[in-house]
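As structure tokens, the structure follows; a few thoughts come after it.
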Amino acid sequence: MSQPLSDHDLANVPLVGVAVNASLATVKIISGVFGNSYALIADGIESSADIVSSLVVWGGLRIATRPPTQRHPYGFGKAETLAGAVAAFGILAAAGVIAFQSVHEILTPHHLPHWSTLLVLAMVVAIKEALARWVMAAGEGTESTALEGDAWHHRADALTSLAAFVGISISLIGGPGYEPADDWAALVACLVIAWNGIALLRRALRDLLDVSPSPLIVDDIRALASQVDGVRGVEKCRVRKSGTNFFVEIHVQVDGHLTVHEGHVIGGKVRRALRESSHRIADAIVHIEPDSEPRRLA
């Protein structure tokens with residue numbers, strides 16, 4: 001398994017998408033215009049929207065990786081989540097524009113698409129799916145809403161291109177009378193784009209409202225704390241996500257007969273164990289609770 005990227009490298013991942021989308025958007029729009037395919041033009045518009053989205057994600061990640069300040073003691077992690085929300089609204093806006101234009105094209109008579117548009121679409125599907133997997137892998141283990149949204153932007157582009165490929169194929173096989181098939185394909189692709197936008201927006205809202213992460217992560221954090229020498233149990237554990245990091249508030253039980261200093265030392269060990277784990281825990285507040293059982297002899 002590859003090592004997770006540093007915060008600096010992670011923040012620059014969206015720039016690769018910007019370069020790829022700029023190139024593909026140009027190719028798709030030009031090919032769509034000369035190949036009489038609005039589905040391909042719509043695909044190019046969606047790629048153009050992805051450029052803006054990737055730039056927003058890049059900016060959000062850059063801000064999120066700034067160190068905490070006196071005014072912002074918890075850091076700037078929420079900027080990453082806000083970038084994910086903006087990206088989601090961008091996806092929904094693109095879906096609306098493409099749906100409107102698709103209906104207009106369906107009602108407007110036009111020529112059959114040219115067969116060469118199929119070659120362009122096949123190339124786009126392969127490139128965008130590969131890019132989506134790379135971006136998703138780059139954010140693996142970081143729980144990054146913004147990067148996940150960026151990856152889904154690329155995957156949505158691949159899916160819309162696949163839908164356009166099917167629609168144009170139907171047009172060419174069916175011949176006269178089947179000209180709107182690729183426009184219907186673009187309309188269907190809008191549903192895919194909108195679904196991704198809604199899913200991403202829900203994820204961003206969950207993070208903004210501090211919804212607890214996966215139970216597996218919480219259970220693992222409890223287990224890590226329980227393994228620290230001197231900890232008899234974990235009473236409570238609250239975890240919230242900020243950007244690509246987690247903040248933990250945990251109540252651990254120790255021998256009630258220990259001195260304040262001894263309890264403080266155990267709490268420090270718990271905090272250090274959590275911060276040094278693989279869960280990207282930015283900070284942990286450890287509350288010491290007395291265990292009512294008799295003091296255990298060494």
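All residue names refer to the structure tokens as shown: chains lettered A, B, ... in order, residues numbered from 1 in each chain, ligands numbered from 1 in order.
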
**Message:** When you look at Ala130 (chain A) with a cut-off of 12 Å (counting only C-alpha atoms), what residues show up, excluding the ones that are within fewer than 3 positions of it in the same chain? I need them as a list in words.
**Reply:**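 In the requested form, the answer reads Gly17, Val20, Met123, Val124, Val125, Ala126, Ile127, Arg133, Trp134, Val135, Met136, Ala137, Ala151, Trp152, His154, Arg155, Asp157 and Ala158 of chain A.
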
**Asked** A:Ile51, A:Ile170, A:Ala282, A:Ala99: which is nearest Asn21 (chain A), counting only C-alpha atoms?
**Response**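 So, comparing all the options, the nearest one is A:Ile51.
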
**Residue among A:Ser144, A:Thr160, A:Ser31, A:Thr65 lying closest to Leu119 (chain A), counting only C-alpha atoms** =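 Between A:Ser144, A:Thr160, A:Ser31, A:Thr65, the residue approaching Leu119 (chain A) most closely is A:Ser31.
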
**Prompt:** So which bits of region 30-262 of chain A end up alpha helix (DSSP H) when you DSSP the backbone, as a VMD selection string?
**Reply:** chain A and resid 30 to 34 38 to 64 78 to 106 116 to 138 145 to 174 181 to 208 215 to 226 260 to 262

**region 214-280 of chain A: residues DSSP assigns to strand (DSSP E), reported as a PyMOL selection string** = chain A and resi 233-242+245-255

Mind dumping the selected residues with N, CA and C atoms as a PDB file, in the first residue's frame?
```pdb
ATOM      1  N   GLY A 233     -10.335   1.503  31.127  1.00  0.00           N
ATOM      2  CA  GLY A 233     -11.487   1.475  30.240  1.00  0.00           C
ATOM      3  C   GLY A 233     -11.730   2.834  29.616  1.00  0.00           C
ATOM      4  N   VAL A 234     -12.581   2.863  28.621  1.00  0.00           N
ATOM      5  CA  VAL A 234     -12.959   4.111  27.950  1.00  0.00           C
ATOM      6  C   VAL A 234     -14.441   4.334  28.184  1.00  0.00           C
ATOM      7  N   GLU A 235     -14.763   5.449  28.829  1.00  0.00           N
ATOM      8  CA  GLU A 235     -16.157   5.733  29.161  1.00  0.00           C
ATOM      9  C   GLU A 235     -16.885   6.396  27.997  1.00  0.00           C
ATOM     10  N   LYS A 236     -16.303   7.457  27.439  1.00  0.00           N
ATOM     11  CA  LYS A 236     -16.909   8.171  26.316  1.00  0.00           C
ATOM     12  C   LYS A 236     -15.851   8.460  25.262  1.00  0.00           C
ATOM     13  N   CYS A 237     -16.299   8.580  24.029  1.00  0.00           N
ATOM     14  CA  CYS A 237     -15.384   8.952  22.939  1.00  0.00           C
ATOM     15  C   CYS A 237     -16.171   9.681  21.872  1.00  0.00           C
ATOM     16  N   ARG A 238     -15.833  10.948  21.690  1.00  0.00           N
ATOM     17  CA  ARG A 238     -16.482  11.768  20.659  1.00  0.00           C
ATOM     18  C   ARG A 238     -15.426  12.168  19.630  1.00  0.00           C
ATOM     19  N   VAL A 239     -15.789  12.002  18.364  1.00  0.00           N
ATOM     20  CA  VAL A 239     -14.856  12.322  17.280  1.00  0.00           C
ATOM     21  C   VAL A 239     -15.561  13.205  16.271  1.00  0.00           C
ATOM     22  N   ARG A 240     -14.910  14.284  15.864  1.00  0.00           N
ATOM     23  CA  ARG A 240     -15.452  15.126  14.792  1.00  0.00           C
ATOM     24  C   ARG A 240     -14.380  15.372  13.751  1.00  0.00           C
ATOM     25  N   LYS A 241     -14.827  15.620  12.538  1.00  0.00           N
ATOM     26  CA  LYS A 241     -13.911  15.785  11.419  1.00  0.00           C
ATOM     27  C   LYS A 241     -13.807  17.261  11.063  1.00  0.00           C
ATOM     28  N   SER A 242     -12.583  17.708  10.795  1.00  0.00           N
ATOM     29  CA  SER A 242     -12.348  19.069  10.329  1.00  0.00           C
ATOM     30  C   SER A 242     -11.330  18.997   9.206  1.00  0.00           C
ATOM     31  N   ASN A 245      -8.554  16.101   8.907  1.00  0.00           N
ATOM     32  CA  ASN A 245      -8.123  15.667  10.231  1.00  0.00           C
ATOM     33  C   ASN A 245      -9.313  15.426  11.158  1.00  0.00           C
ATOM     34  N   PHE A 246      -9.024  14.772  12.281  1.00  0.00           N
ATOM     35  CA  PHE A 246     -10.036  14.504  13.295  1.00  0.00           C
ATOM     36  C   PHE A 246      -9.636  15.161  14.613  1.00  0.00           C
ATOM     37  N   PHE A 247     -10.642  15.564  15.383  1.00  0.00           N
ATOM     38  CA  PHE A 247     -10.455  16.043  16.741  1.00  0.00           C
ATOM     39  C   PHE A 247     -11.212  15.097  17.669  1.00  0.00           C
ATOM     40  N   VAL A 248     -10.551  14.684  18.743  1.00  0.00           N
ATOM     41  CA  VAL A 248     -11.107  13.659  19.630  1.00  0.00           C
ATOM     42  C   VAL A 248     -11.287  14.200  21.036  1.00  0.00           C
ATOM     43  N   GLU A 249     -12.404  13.862  21.641  1.00  0.00           N
ATOM     44  CA  GLU A 249     -12.632  14.106  23.070  1.00  0.00           C
ATOM     45  C   GLU A 249     -12.940  12.751  23.689  1.00  0.00           C
ATOM     46  N   ILE A 250     -12.088  12.309  24.594  1.00  0.00           N
ATOM     47  CA  ILE A 250     -12.211  10.955  25.121  1.00  0.00           C
ATOM     48  C   ILE A 250     -12.100  10.947  26.650  1.00  0.00           C
ATOM     49  N   HIS A 251     -12.929  10.144  27.297  1.00  0.00           N
ATOM     50  CA  HIS A 251     -12.930   9.987  28.740  1.00  0.00           C
ATOM     51  C   HIS A 251     -12.384   8.589  29.057  1.00  0.00           C
ATOM     52  N   VAL A 252     -11.230   8.526  29.721  1.00  0.00           N
ATOM     53  CA  VAL A 252     -10.635   7.227  30.051  1.00  0.00           C
ATOM     54  C   VAL A 252     -10.669   7.012  31.566  1.00  0.00           C
ATOM     55  N   GLN A 253     -10.853   5.771  31.943  1.00  0.00           N
ATOM     56  CA  GLN A 253     -10.905   5.411  33.357  1.00  0.00           C
ATOM     57  C   GLN A 253      -9.544   4.912  33.816  1.00  0.00           C
ATOM     58  N   VAL A 254      -9.118   5.400  34.998  1.00  0.00           N
ATOM     59  CA  VAL A 254      -7.857   4.967  35.602  1.00  0.00           C
ATOM     60  C   VAL A 254      -8.128   4.628  37.063  1.00  0.00           C
ATOM     61  N   ASP A 255      -7.148   4.054  37.699  1.00  0.00           N
ATOM     62  CA  ASP A 255      -7.246   3.735  39.125  1.00  0.00           C
ATOM     63  C   ASP A 255      -7.588   5.000  39.916  1.00  0.00           C
TER      64      ASP A 255
END
```
